[in-house]
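Dumped protein-v1.txt below, it's compact mmCIF, C-alpha atoms:
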```txt
# COMPACT_ATOMS: atom_id res chain seq x y z
CA MET A 1 10.42 12.10 16.30
CA THR A 2 7.14 11.84 18.19
CA ALA A 3 5.82 8.68 19.83
CA ASP A 4 3.19 8.06 17.14
CA GLU A 5 5.86 8.40 14.44
CA THR A 6 7.82 5.54 16.01
CA LEU A 7 4.77 3.47 16.99
CA PHE A 8 3.18 3.52 13.55
CA SER A 9 6.33 3.05 11.49
CA THR A 10 9.05 0.57 10.73
CA PRO A 11 12.59 1.54 11.68
CA GLU A 12 13.61 1.54 8.01
CA MET A 13 10.86 3.93 6.90
CA ALA A 14 11.29 6.11 9.99
CA ASN A 15 14.94 6.47 9.01
CA ALA A 16 14.11 7.23 5.36
CA PHE A 17 11.87 10.11 6.44
CA SER A 18 13.80 11.29 9.48
CA ALA A 19 14.97 14.87 9.87
CA ASP A 20 18.52 13.70 9.14
CA ALA A 21 17.37 12.02 5.92
CA HIS A 22 15.51 15.17 4.84
CA VAL A 23 18.51 17.42 5.46
CA SER A 24 20.74 14.89 3.70
CA ALA A 25 18.43 14.92 0.66
CA ILE A 26 18.42 18.73 0.56
CA LEU A 27 22.21 18.70 0.68
CA GLU A 28 22.22 16.14 -2.13
CA PHE A 29 20.16 18.61 -4.15
CA GLU A 30 22.51 21.50 -3.34
CA ALA A 31 25.60 19.51 -4.30
CA ALA A 32 24.04 18.29 -7.54
CA LEU A 33 22.88 21.82 -8.35
CA ALA A 34 26.38 23.19 -7.98
CA ARG A 35 27.82 20.44 -10.19
CA ALA A 36 25.12 20.92 -12.83
CA GLU A 37 25.69 24.68 -12.90
CA ALA A 38 29.42 24.18 -13.22
CA ALA A 39 28.86 21.77 -16.11
CA ALA A 40 26.64 24.38 -17.78
CA GLY A 41 29.26 27.09 -17.27
CA VAL A 42 27.12 29.07 -14.83
CA ILE A 43 29.48 28.87 -11.84
CA PRO A 44 33.21 28.02 -11.62
CA LEU A 45 34.14 24.37 -11.28
CA GLU A 46 36.17 25.04 -8.14
CA ALA A 47 33.08 26.62 -6.57
CA ALA A 48 31.02 23.53 -7.32
CA THR A 49 33.73 21.32 -5.82
CA ALA A 50 33.76 23.42 -2.66
CA VAL A 51 29.97 23.33 -2.31
CA SER A 52 29.83 19.57 -2.87
CA ALA A 53 32.50 18.96 -0.25
CA ALA A 54 30.40 20.73 2.38
CA CYS A 55 27.17 18.85 1.60
CA ARG A 56 27.56 16.18 4.27
CA VAL A 57 24.80 15.89 6.84
CA GLU A 58 27.19 15.06 9.68
CA LEU A 59 28.53 18.62 9.46
CA TYR A 60 25.21 20.10 10.60
CA ASP A 61 23.16 20.32 13.79
CA VAL A 62 19.94 18.86 12.43
CA PRO A 63 17.88 19.32 15.62
CA ALA A 64 18.85 23.01 15.69
CA LEU A 65 17.88 23.39 12.04
CA THR A 66 14.53 21.75 12.76
CA ARG A 67 13.87 24.04 15.71
CA ALA A 68 14.51 27.04 13.48
CA ILE A 69 11.76 26.15 10.97
CA PRO A 70 8.79 27.91 12.68
CA ALA A 71 10.60 31.24 12.79
CA ALA A 72 12.42 30.91 9.47
CA GLY A 73 9.49 29.51 7.51
CA ALA A 74 11.44 26.67 5.88
CA ILE A 75 14.38 24.49 6.84
CA THR A 76 16.34 25.63 3.80
CA ILE A 77 16.81 29.12 5.21
CA PRO A 78 18.92 28.15 8.23
CA LEU A 79 20.43 25.23 6.30
CA VAL A 80 21.65 27.36 3.38
CA LYS A 81 23.13 29.80 5.89
CA ALA A 82 24.92 26.95 7.70
CA LEU A 83 26.02 25.43 4.40
CA THR A 84 27.46 28.72 3.21
CA ALA A 85 29.52 28.97 6.40
CA GLN A 86 30.91 25.45 5.80
CA VAL A 87 31.88 26.03 2.16
CA ALA A 88 35.46 27.04 1.33
CA PRO A 89 35.85 30.72 0.32
CA GLU A 90 36.07 29.99 -3.41
CA GLY A 91 32.57 28.50 -3.42
CA ARG A 92 30.81 30.43 -0.69
CA GLY A 93 29.20 32.95 -3.02
CA TYR A 94 27.66 30.26 -5.23
CA VAL A 95 25.66 28.25 -2.68
CA HIS A 96 21.98 27.70 -3.66
CA TRP A 97 22.64 29.63 -6.90
CA GLY A 98 19.40 30.34 -8.78
CA ALA A 99 17.28 28.04 -6.58
CA THR A 100 14.46 28.66 -4.14
CA SER A 101 13.50 26.90 -0.93
CA GLN A 102 10.72 24.95 -2.60
CA ASP A 103 13.11 23.61 -5.24
CA ALA A 104 15.29 22.10 -2.54
CA ILE A 105 12.50 20.83 -0.30
CA ASP A 106 10.30 19.35 -3.04
CA THR A 107 13.24 17.65 -4.71
CA ALA A 108 14.38 16.30 -1.35
CA LEU A 109 10.90 14.84 -0.79
CA MET A 110 11.09 13.22 -4.22
CA LEU A 111 14.43 11.65 -3.31
CA GLN A 112 12.99 10.43 -0.03
CA ALA A 113 9.90 9.13 -1.82
CA ARG A 114 12.20 7.10 -4.07
CA SER A 115 13.69 5.44 -1.00
CA GLY A 116 10.25 5.00 0.50
CA LEU A 117 8.84 3.36 -2.62
CA ALA A 118 11.74 0.91 -2.71
CA LEU A 119 11.12 -0.05 0.92
CA LEU A 120 7.40 -0.50 0.32
CA ILE A 121 8.00 -2.66 -2.74
CA ASP A 122 10.37 -4.95 -0.85
CA ARG A 123 7.91 -5.34 1.98
CA LEU A 124 4.96 -5.93 -0.36
CA LEU A 125 6.95 -8.64 -2.12
CA ALA A 126 7.31 -10.38 1.24
CA VAL A 127 3.52 -10.19 1.68
CA ALA A 128 3.10 -11.60 -1.84
CA ASP A 129 5.46 -14.49 -1.02
CA ALA A 130 3.36 -15.44 2.00
CA CYS A 131 0.07 -15.11 0.11
CA ALA A 132 1.38 -17.26 -2.73
CA THR A 133 2.35 -19.97 -0.26
CA LEU A 134 -1.09 -19.88 1.38
CA SER A 135 -2.82 -19.91 -1.99
CA GLU A 136 -1.07 -23.03 -3.20
CA ARG A 137 -1.12 -24.83 0.13
CA HIS A 138 -4.86 -24.29 0.61
CA ARG A 139 -5.96 -24.57 -3.00
CA HIS A 140 -8.45 -27.28 -2.00
CA THR A 141 -9.27 -26.17 1.55
CA SER A 142 -13.01 -25.49 1.28
CA MET A 143 -14.61 -22.76 3.37
CA PRO A 144 -17.72 -20.59 3.29
CA GLY A 145 -17.61 -17.57 1.00
CA ARG A 146 -19.42 -14.68 2.65
CA THR A 147 -21.36 -11.75 1.24
CA LEU A 148 -22.73 -9.02 3.50
CA LEU A 149 -21.07 -10.99 6.34
CA GLN A 150 -23.33 -14.00 5.74
CA GLN A 151 -22.53 -17.35 4.17
CA ALA A 152 -23.22 -17.31 0.43
CA LEU A 153 -21.41 -20.08 -1.48
CA PRO A 154 -18.37 -22.29 -0.91
CA ILE A 155 -14.92 -21.08 -1.88
CA THR A 156 -11.47 -22.29 -0.89
CA PHE A 157 -9.07 -20.53 1.42
CA GLY A 158 -6.57 -20.81 -1.40
CA LEU A 159 -8.82 -18.59 -3.51
CA LYS A 160 -9.14 -16.03 -0.73
CA ALA A 161 -5.35 -15.93 -0.41
CA ALA A 162 -5.07 -15.73 -4.21
CA ARG A 163 -7.23 -12.62 -4.20
CA TRP A 164 -4.96 -11.09 -1.59
CA LEU A 165 -2.01 -12.08 -3.75
CA ALA A 166 -3.44 -10.49 -6.89
CA LEU A 167 -4.23 -7.31 -4.94
CA VAL A 168 -0.67 -7.07 -3.64
CA THR A 169 0.74 -7.87 -7.09
CA ARG A 170 -1.12 -4.92 -8.60
CA GLN A 171 0.20 -2.61 -5.91
CA VAL A 172 3.80 -3.60 -6.59
CA TRP A 173 3.37 -2.94 -10.31
CA GLU A 174 1.86 0.47 -9.56
CA LEU A 175 4.69 1.44 -7.19
CA ARG A 176 7.23 0.35 -9.77
CA ARG A 177 5.46 2.56 -12.30
CA LEU A 178 5.71 5.48 -9.89
CA GLN A 179 9.40 4.73 -9.43
CA ARG A 180 9.93 4.97 -13.18
CA ASN A 181 7.63 7.82 -14.12
CA GLY A 182 6.40 9.63 -11.04
CA LEU A 183 9.56 11.10 -9.51
CA ALA A 184 10.35 14.48 -11.04
CA LEU A 185 12.87 17.19 -10.29
CA GLN A 186 11.56 20.45 -8.90
CA PHE A 187 13.58 23.43 -10.14
CA GLY A 188 12.14 26.78 -11.09
CA GLY A 189 13.56 29.50 -8.91
CA ALA A 190 11.37 31.96 -7.06
CA VAL A 191 8.32 31.95 -9.36
CA GLY A 192 9.09 29.15 -11.80
CA THR A 193 10.92 31.16 -14.47
CA LEU A 194 14.59 30.42 -13.61
CA ALA A 195 15.18 34.08 -14.47
CA SER A 196 18.34 34.20 -12.36
CA LEU A 197 19.99 31.67 -14.69
CA GLY A 198 19.34 33.63 -17.88
CA ASP A 199 19.29 31.39 -20.93
CA ALA A 200 21.02 28.52 -19.06
CA GLY A 201 17.95 27.51 -17.05
CA ILE A 202 16.80 24.61 -19.22
CA ARG A 203 20.31 23.21 -19.56
CA VAL A 204 20.91 23.34 -15.81
CA THR A 205 17.54 21.66 -15.24
CA GLU A 206 18.48 18.79 -17.52
CA LEU A 207 21.91 18.36 -15.96
CA LEU A 208 20.51 18.56 -12.44
CA ALA A 209 17.84 15.95 -13.16
CA ASP A 210 20.52 13.68 -14.60
CA GLU A 211 22.69 14.15 -11.50
CA LEU A 212 19.82 13.16 -9.23
CA GLU A 213 18.37 10.48 -11.54
CA LEU A 214 14.97 12.17 -11.56
CA SER A 215 12.77 12.84 -14.57
CA VAL A 216 12.79 16.28 -16.19
CA PRO A 217 9.37 17.95 -15.86
CA GLU A 218 8.05 19.94 -18.78
CA LEU A 219 8.11 23.00 -16.50
CA PRO A 220 8.42 23.70 -12.76
CA TRP A 221 5.47 22.51 -10.66
CA HIS A 222 5.60 24.59 -7.49
CA THR A 223 1.83 24.90 -7.14
CA GLU A 224 0.65 22.11 -9.45
CA ARG A 225 0.76 19.20 -7.04
CA ASP A 226 -0.57 16.38 -9.19
CA ARG A 227 2.77 14.56 -9.20
CA LEU A 228 3.03 14.52 -5.43
CA SER A 229 -0.64 13.65 -5.12
CA ALA A 230 -0.25 10.75 -7.56
CA ILE A 231 2.46 9.34 -5.31
CA ALA A 232 0.24 9.89 -2.30
CA ALA A 233 -2.69 8.18 -4.00
CA GLY A 234 -0.57 5.19 -5.00
CA VAL A 235 0.83 4.77 -1.51
CA GLY A 236 -2.60 5.35 0.00
CA ILE A 237 -4.10 2.58 -2.11
CA VAL A 238 -1.41 0.28 -0.75
CA ALA A 239 -2.49 1.22 2.78
CA ALA A 240 -6.16 0.63 1.95
CA SER A 241 -5.26 -2.72 0.36
CA MET A 242 -3.53 -3.77 3.56
CA ALA A 243 -6.64 -2.76 5.51
CA LYS A 244 -8.72 -5.07 3.29
CA ILE A 245 -6.47 -8.07 3.95
CA ALA A 246 -6.27 -7.23 7.64
CA SER A 247 -10.05 -6.94 7.85
CA ASP A 248 -10.49 -10.37 6.27
CA VAL A 249 -8.11 -11.92 8.77
CA ALA A 250 -9.67 -10.10 11.71
CA LEU A 251 -13.14 -11.33 10.78
CA LEU A 252 -11.94 -14.91 10.33
CA THR A 253 -10.38 -14.86 13.83
CA GLN A 254 -13.71 -14.11 15.55
CA THR A 255 -14.59 -16.70 18.19
CA GLU A 256 -17.80 -17.67 16.40
CA ILE A 257 -15.91 -18.24 13.12
CA GLY A 258 -12.45 -19.30 14.29
CA GLU A 259 -11.10 -20.26 10.87
CA VAL A 260 -7.67 -18.64 11.30
CA SER A 261 -5.51 -17.14 14.03
CA GLU A 262 -2.32 -15.17 14.18
CA ALA A 263 0.88 -16.89 15.22
CA VAL A 264 1.27 -17.58 18.93
CA GLU A 265 4.24 -15.69 20.35
CA GLU A 266 5.30 -14.84 23.86
CA GLY A 267 3.71 -11.58 24.94
CA LYS A 268 1.65 -11.18 21.78
CA GLY A 269 -2.10 -10.62 21.74
CA GLY A 270 -2.83 -11.04 25.41
CA SER A 271 -5.30 -9.14 27.57
CA SER A 272 -4.66 -7.12 30.72
CA THR A 273 -7.62 -8.78 32.43
CA LEU A 274 -8.81 -11.80 30.41
CA PRO A 275 -6.41 -14.77 30.67
CA HIS A 276 -7.98 -16.64 27.77
CA LYS A 277 -7.70 -13.90 25.14
CA ARG A 278 -5.51 -14.14 22.03
CA ASN A 279 -6.18 -10.88 20.25
CA PRO A 280 -5.29 -10.41 16.55
CA VAL A 281 -2.80 -7.59 17.16
CA ASP A 282 -1.03 -7.65 13.79
CA VAL A 283 -4.17 -6.98 11.79
CA THR A 284 -5.50 -4.56 14.42
CA PHE A 285 -2.43 -2.38 14.08
CA ALA A 286 -2.47 -2.77 10.31
CA ARG A 287 -5.99 -1.39 10.15
CA ALA A 288 -5.20 1.46 12.55
CA SER A 289 -2.08 2.41 10.62
CA ALA A 290 -3.95 2.30 7.31
CA GLN A 291 -6.52 4.72 8.72
CA LEU A 292 -3.76 7.14 9.65
CA ALA A 293 -2.25 6.78 6.19
CA LEU A 294 -5.53 7.54 4.47
CA GLY A 295 -5.90 10.66 6.59
CA SER A 296 -2.60 11.87 5.15
CA VAL A 297 -3.79 11.09 1.62
CA SER A 298 -6.90 13.16 2.20
CA LEU A 299 -4.83 16.08 3.44
CA LEU A 300 -2.54 15.95 0.41
CA LEU A 301 -5.38 15.71 -2.11
CA THR A 302 -7.64 18.31 -0.57
CA GLY A 303 -4.69 20.66 -0.28
CA MET A 304 -3.86 20.64 -3.99
CA ALA A 305 -5.32 24.11 -4.62
CA HIS A 306 -2.08 25.99 -3.98
CA GLU A 307 -2.29 29.74 -4.42
CA HIS A 308 -0.61 31.37 -7.43
CA GLU A 309 3.15 30.61 -7.57
CA ARG A 310 3.73 29.57 -3.92
CA ALA A 311 1.25 28.23 -1.39
CA ALA A 312 0.69 29.68 2.06
CA GLY A 313 -0.08 26.65 4.22
CA ALA A 314 -0.92 23.75 1.91
CA TRP A 315 2.69 23.25 0.83
CA GLN A 316 3.96 23.40 4.40
CA ALA A 317 1.40 20.76 5.49
CA GLU A 318 2.91 18.36 2.95
CA TRP A 319 6.18 18.33 4.90
CA THR A 320 4.45 16.31 7.62
CA ALA A 321 1.73 14.56 5.62
CA LEU A 322 3.92 12.82 3.05
CA PRO A 323 6.42 11.37 5.54
CA GLN A 324 3.56 10.26 7.78
CA LEU A 325 1.88 8.60 4.82
CA PHE A 326 4.97 6.56 4.00
CA ARG A 327 5.63 5.67 7.64
CA THR A 328 2.10 4.53 8.44
CA THR A 329 1.67 2.65 5.16
CA ASP A 330 4.91 0.76 5.63
CA PHE A 331 3.86 -0.18 9.13
CA ALA A 332 0.51 -1.46 7.82
CA VAL A 333 2.31 -3.57 5.21
CA GLU A 334 4.70 -4.96 7.80
CA ARG A 335 1.91 -5.95 10.18
CA VAL A 336 0.01 -7.66 7.36
CA ARG A 337 3.22 -9.46 6.40
CA SER A 338 3.61 -10.66 9.98
CA ALA A 339 -0.02 -11.81 10.06
CA VAL A 340 0.00 -13.82 6.83
CA VAL A 341 3.46 -15.31 7.33
CA GLY A 342 2.47 -16.78 10.69
CA LEU A 343 -1.20 -17.43 9.94
CA ASN A 344 -2.70 -20.56 11.46
CA VAL A 345 -5.38 -21.97 9.16
CA TYR A 346 -7.97 -24.31 10.69
CA SER A 347 -9.36 -26.37 7.84
CA GLU A 348 -11.50 -28.50 10.17
CA ARG A 349 -13.28 -25.39 11.42
CA MET A 350 -13.79 -24.21 7.87
CA HIS A 351 -15.38 -27.54 7.01
CA ALA A 352 -17.57 -27.39 10.11
CA ASN A 353 -18.71 -23.88 9.20
CA LEU A 354 -19.71 -25.15 5.76
CA GLU A 355 -22.17 -27.44 7.53
CA LEU A 356 -23.70 -24.75 9.74
CA THR A 357 -26.65 -24.09 7.44
CA ASP A 358 -27.51 -27.75 6.84
CA GLY A 359 -26.99 -27.42 3.13
CA LEU A 360 -28.65 -24.01 2.57
CA LEU A 361 -25.25 -22.72 1.47
CA MET A 362 -25.66 -24.92 -1.62
CA ALA A 363 -29.11 -23.66 -2.63
CA GLU A 364 -27.83 -21.95 -5.78
CA SER A 365 -26.10 -25.15 -6.89
CA LEU A 366 -29.33 -27.11 -6.51
CA SER A 367 -31.25 -24.35 -8.25
CA MET A 368 -28.86 -24.38 -11.23
CA ALA A 369 -29.04 -28.16 -11.52
CA LEU A 370 -32.82 -27.94 -11.57
CA ALA A 371 -32.76 -24.96 -13.95
CA ALA A 372 -31.14 -27.14 -16.61
CA ARG A 373 -34.44 -29.08 -16.72
CA ILE A 374 -37.13 -26.43 -16.15
CA GLY A 375 -35.54 -22.99 -16.54
CA ARG A 376 -33.98 -20.66 -14.00
CA GLN A 377 -37.03 -18.76 -12.71
CA ASP A 378 -39.11 -21.84 -11.92
CA ALA A 379 -36.09 -23.61 -10.44
CA TYR A 380 -35.27 -20.62 -8.23
CA ARG A 381 -38.86 -20.50 -6.91
CA ILE A 382 -38.97 -24.22 -6.14
CA VAL A 383 -35.62 -24.25 -4.33
CA GLN A 384 -36.49 -21.08 -2.44
CA LEU A 385 -39.63 -22.78 -1.12
CA ALA A 386 -37.57 -25.84 -0.21
CA CYS A 387 -35.15 -23.62 1.76
CA GLU A 388 -38.03 -22.03 3.65
CA ARG A 389 -39.41 -25.49 4.51
CA ALA A 390 -35.97 -26.64 5.69
CA ARG A 391 -35.76 -23.66 8.04
CA GLU A 392 -39.30 -24.13 9.35
CA GLN A 393 -38.87 -27.87 9.88
CA GLN A 394 -35.26 -27.52 11.07
CA THR A 395 -34.10 -30.16 8.65
CA SER A 396 -31.33 -30.24 6.09
CA LEU A 397 -31.85 -28.99 2.57
CA LEU A 398 -30.99 -32.50 1.34
CA THR A 399 -33.80 -34.04 3.39
CA THR A 400 -36.25 -31.38 2.26
CA ALA A 401 -35.23 -31.63 -1.40
CA LEU A 402 -35.58 -35.43 -1.41
CA ALA A 403 -39.12 -35.00 -0.11
CA GLU A 404 -40.05 -32.35 -2.67
CA GLU A 405 -41.82 -33.82 -5.68
CA ALA A 406 -41.13 -30.75 -7.81
CA ILE A 407 -37.44 -31.54 -7.42
CA THR A 408 -37.36 -35.35 -7.38
CA THR A 409 -39.37 -35.63 -10.61
CA ARG A 410 -36.60 -33.73 -12.40
CA LEU A 411 -33.44 -34.80 -10.53
CA THR A 412 -32.30 -38.16 -9.21
CA ALA A 413 -31.25 -38.59 -5.58
CA ASP A 414 -27.62 -38.80 -6.67
CA GLU A 415 -27.97 -35.59 -8.67
CA ILE A 416 -29.53 -33.82 -5.72
CA SER A 417 -26.84 -35.09 -3.36
CA GLY A 418 -24.11 -34.12 -5.80
CA ALA A 419 -25.52 -30.63 -6.23
CA LEU A 420 -25.38 -30.16 -2.45
CA ASP A 421 -21.71 -31.17 -2.15
CA PRO A 422 -19.62 -27.99 -1.56
CA ALA A 423 -16.61 -29.48 -3.34
CA SER A 424 -18.66 -29.83 -6.52
CA TYR A 425 -19.49 -26.14 -6.82
CA LEU A 426 -16.18 -24.28 -6.93
CA GLY A 427 -16.39 -23.16 -10.54
CA SER A 428 -13.17 -21.64 -11.90
CA THR A 429 -11.45 -21.56 -8.52
CA ASP A 430 -8.41 -23.52 -9.68
CA ALA A 431 -8.02 -21.37 -12.78
CA PHE A 432 -8.25 -18.15 -10.75
CA ILE A 433 -5.63 -19.40 -8.31
CA ASP A 434 -3.38 -20.31 -11.24
CA ARG A 435 -3.80 -16.82 -12.68
CA ALA A 436 -2.87 -15.18 -9.39
CA LEU A 437 0.19 -17.39 -9.06
CA ALA A 438 1.22 -16.70 -12.66
CA GLY A 439 0.99 -12.98 -12.00
CA TYR A 440 3.08 -13.45 -8.89
CA ARG A 441 5.77 -15.35 -10.79
CA GLU A 442 5.92 -12.57 -13.36
CA LEU A 443 6.23 -10.06 -10.54
CA ARG A 444 9.08 -12.02 -9.03
CA ALA A 445 10.94 -12.29 -12.35
CA PRO A 446 13.99 -10.04 -12.80
CA VAL A 447 12.73 -6.46 -12.99
CA GLU A 448 14.35 -5.81 -16.36
CA MET A 449 12.48 -8.78 -17.86
CA ALA A 450 9.19 -7.98 -16.13
CA TRP A 451 9.16 -4.40 -17.35
```
Conversion result in structure tokens:
Amino acid sequence: MTADETLFSTPEMANAFSADAHVSAILEFEAALARAEAAAGVIPLEAATAVSAACRVELYDVPALTRAIPAAGAITIPLVKALTAQVAPEGRGYVHWGATSQDAIDTALMLQARSGLALLIDRLLAVADACATLSERHRHTSMPGRTLLQQALPITFGLKAARWLALVTRQVWELRRLQRNGLALQFGGAVGTLASLGDAGIRVTELLADELELSVPELPWHTERDRLSAIAAGVGIVAASMAKIASDVALLTQTEIGEVSEAVEEGKGGSSTLPHKRNPVDVTFARASAQLALGSVSLLLTGMAHEHERAAGAWQAEWTALPQLFRTTDFAVERVRSAVVGLNVYSERMHANLELTDGLLMAESLSMALAARIGRQDAYRIVQLACERAREQQTSLLTTALAEEAITTRLTADEISGALDPASYLGSTDAFIDRALAGYRELRAPVEMAW
């Protein structure tokens, strides 16, 4: 495994997509194939027993098999040869019966994807737990809401965390859907006809899918890669979602904003030259890893045009792209989890930032209060002029509004002051937080009930 594969991965996902795991999954396919063919009466039962007994990864030199790939063209070629040598004589002639390399490799990737999806779901649930805690804890912690990187209207940090929570919740549901419906057996023989199995092909397919707990495709999909690409897209959206959360946190840690920071830990986030620095390393690595993941998604989607019945290049690229996608996405999720679990939230700084514009942040609120008396267009124009005067005179919007006859003849001083209170203009914030938390509770319910 290369340095970048260990740097941008968790140990669990690196293990799930290691060379050993891939060979083990291929052997799982070969053993299940032999049992399915025996059950269908295609090969003798004793042959299937002999093949299954030899399908243990510890019996094989995985590094040697990996080194043989460039010359052989696929890992299955040296592996099937090594497997045949390990099988007892009564089963030796029935190894890999009726299958092709792509059957074994694609099915192995589906088995690995199943493990990868389970790992991602578990890690996303941990992110959801942390976001739910932040959402409830900071339900009433007011802060500036920003559009185009500029202050727009007040929100609460609880709402921001609730949006993260709802985003993560949707990703878990989508990965669970892929677990149920997106993992299909690949089995078609050389050109997708299963000709070598005669009239037993469909029956063996059904038995093999049952053995491996994979869905039965309507027909082999050697060069129709929509299933694999759907998995890639789902996992890629998870990576992009983590980049969104990480970007929010990174922006909030900026010195000039300073509304949150990552947890302080020994050796974390320092600088090689600047003693004062506390860099947001969790979200930095999350964003970098997400970029790598999305590169893999692009490769998998743009490579879908496989030629005829077996691709020359695009299929082989998937062998690296799909594992890298899972590794880098899992790492992005883990770094986001670390960031939100240990997030320091500075409510005093959030409140101070609300005051930076001397009330201009609340211009829409004042405009809407005035609009109830004179209509929206006139109210907008009057408040806009008041905002311009406040900037020119370097006074607060409250001071300017109280001196503006067009406003004071329609609104009382208390009404003006109330309209400029950030806490009074949070709309459906509480309801939206409640919805996010309700969705989270449904997500955390027993899977059988939730589905």
Hey, which bits of stretch 382-449 of chain A sit within 9 Å of stretch 115-129 of chain A, and for each residue what's the closest pair of atoms and how far apart in Å (one decimal), counting only C-alpha atoms, rows by chain and increasing number, as a Markdown table?
```
| residue | atom | partner | partner_atom | distance |
| --- | --- | --- | --- | --- |
| A:Tyr440 | CA | A:Ala128 | CA | 7.3 |
| A:Leu443 | CA | A:Leu125 | CA | 8.6 |
| A:Arg444 | CA | A:Leu125 | CA | 8.0 |
```
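Distances from A:Glu211, A:Asp61, A:Glu392, A:Glu256 to A:Ala39 were compared using only C-alpha atoms, and the smallest one belongs to A:Glu211.
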Could you list, as an NGL selection string, every residue within 12 Å of A:Arg137, counting only C-alpha atoms and ignoring same-chain residues fewer than 2 positions away? :A and (130-135 or 139-142 or 156-162 or 345 or 347 or 433 or 437)
Can you pull out every residue within 12 Å of A:Leu292, counting only C-alpha atoms, but drop anything in the same chain fewer than 2 positions away, and send it as number ranges by chain? A: 4-5, 7-9, 236, 239-240, 243, 285-290, 294-299, 321-332
Residues as selected, C-alpha atoms, written as a PDB file, keeping the file's coordinate frame, can you do that?
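Result file is part-v5.pdb:
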```pdb
ATOM      1  CA  ASP A   4       3.190   8.060  17.140  1.00  0.00           C
ATOM      2  CA  GLU A   5       5.860   8.400  14.440  1.00  0.00           C
ATOM      3  CA  LEU A   7       4.770   3.470  16.990  1.00  0.00           C
ATOM      4  CA  PHE A   8       3.180   3.520  13.550  1.00  0.00           C
ATOM      5  CA  SER A   9       6.330   3.050  11.490  1.00  0.00           C
ATOM      6  CA  GLY A 236      -2.600   5.350   0.000  1.00  0.00           C
ATOM      7  CA  ALA A 239      -2.490   1.220   2.780  1.00  0.00           C
ATOM      8  CA  ALA A 240      -6.160   0.630   1.950  1.00  0.00           C
ATOM      9  CA  ALA A 243      -6.640  -2.760   5.510  1.00  0.00           C
ATOM     10  CA  PHE A 285      -2.430  -2.380  14.080  1.00  0.00           C
ATOM     11  CA  ALA A 286      -2.470  -2.770  10.310  1.00  0.00           C
ATOM     12  CA  ARG A 287      -5.990  -1.390  10.150  1.00  0.00           C
ATOM     13  CA  ALA A 288      -5.200   1.460  12.550  1.00  0.00           C
ATOM     14  CA  SER A 289      -2.080   2.410  10.620  1.00  0.00           C
ATOM     15  CA  ALA A 290      -3.950   2.300   7.310  1.00  0.00           C
ATOM     16  CA  LEU A 294      -5.530   7.540   4.470  1.00  0.00           C
ATOM     17  CA  GLY A 295      -5.900  10.660   6.590  1.00  0.00           C
ATOM     18  CA  SER A 296      -2.600  11.870   5.150  1.00  0.00           C
ATOM     19  CA  VAL A 297      -3.790  11.090   1.620  1.00  0.00           C
ATOM     20  CA  SER A 298      -6.900  13.160   2.200  1.00  0.00           C
ATOM     21  CA  LEU A 299      -4.830  16.080   3.440  1.00  0.00           C
ATOM     22  CA  ALA A 321       1.730  14.560   5.620  1.00  0.00           C
ATOM     23  CA  LEU A 322       3.920  12.820   3.050  1.00  0.00           C
ATOM     24  CA  PRO A 323       6.420  11.370   5.540  1.00  0.00           C
ATOM     25  CA  GLN A 324       3.560  10.260   7.780  1.00  0.00           C
ATOM     26  CA  LEU A 325       1.880   8.600   4.820  1.00  0.00           C
ATOM     27  CA  PHE A 326       4.970   6.560   4.000  1.00  0.00           C
ATOM     28  CA  ARG A 327       5.630   5.670   7.640  1.00  0.00           C
ATOM     29  CA  THR A 328       2.100   4.530   8.440  1.00  0.00           C
ATOM     30  CA  THR A 329       1.670   2.650   5.160  1.00  0.00           C
ATOM     31  CA  ASP A 330       4.910   0.760   5.630  1.00  0.00           C
ATOM     32  CA  PHE A 331       3.860  -0.180   9.130  1.00  0.00           C
ATOM     33  CA  ALA A 332       0.510  -1.460   7.820  1.00  0.00           C
TER      34      ALA A 332
END
```
Could you give me, as a list in words, the residues within 12 Å of A:Ala47, counting only C-alpha atoms and dropping anything in the same chain fewer than 3 positions from it? Ala31, Leu33, Ala34, Arg35, Ala36, Glu37, Ala38, Ala39, Gly41, Val42, Ile43, Pro44, Ala50, Val51, Ser52, Ala53, Ala54, Thr84, Val87, Ala88, Pro89, Glu90, Gly91, Arg92, Gly93, Tyr94, Val95, His96 and Trp97 of chain A
Between atom CA of A:Leu300 and atom CA of A:Ala232, what is the distance, to one decimal in Å? 7.2 Å
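The interatomic distance for the pair atom CA of A:Leu83 and atom CA of A:Cys55 works out to 7.2 Å.
Closest to A:Ala108 among A:Ser261, A:Ser241, A:Asn181, A:Ser24 is A:Ser24, based on all atoms listed in the file.
With distances restricted to all atoms listed in the file, A:Ala40 is the closest residue to A:Arg203 from A:Ala311, A:Val260, A:Val216, A:Ala40.
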Out of A:Glu334, A:Arg146, A:Arg391, A:Glu218, which residue has the shortest atom-to-atom distance to A:Asp282 when counting all atoms listed in the file? A:Glu334
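With atom CA of A:Ile407 on one side and atom CA of A:Gln151 on the other, the separation reads 23.6 Å.
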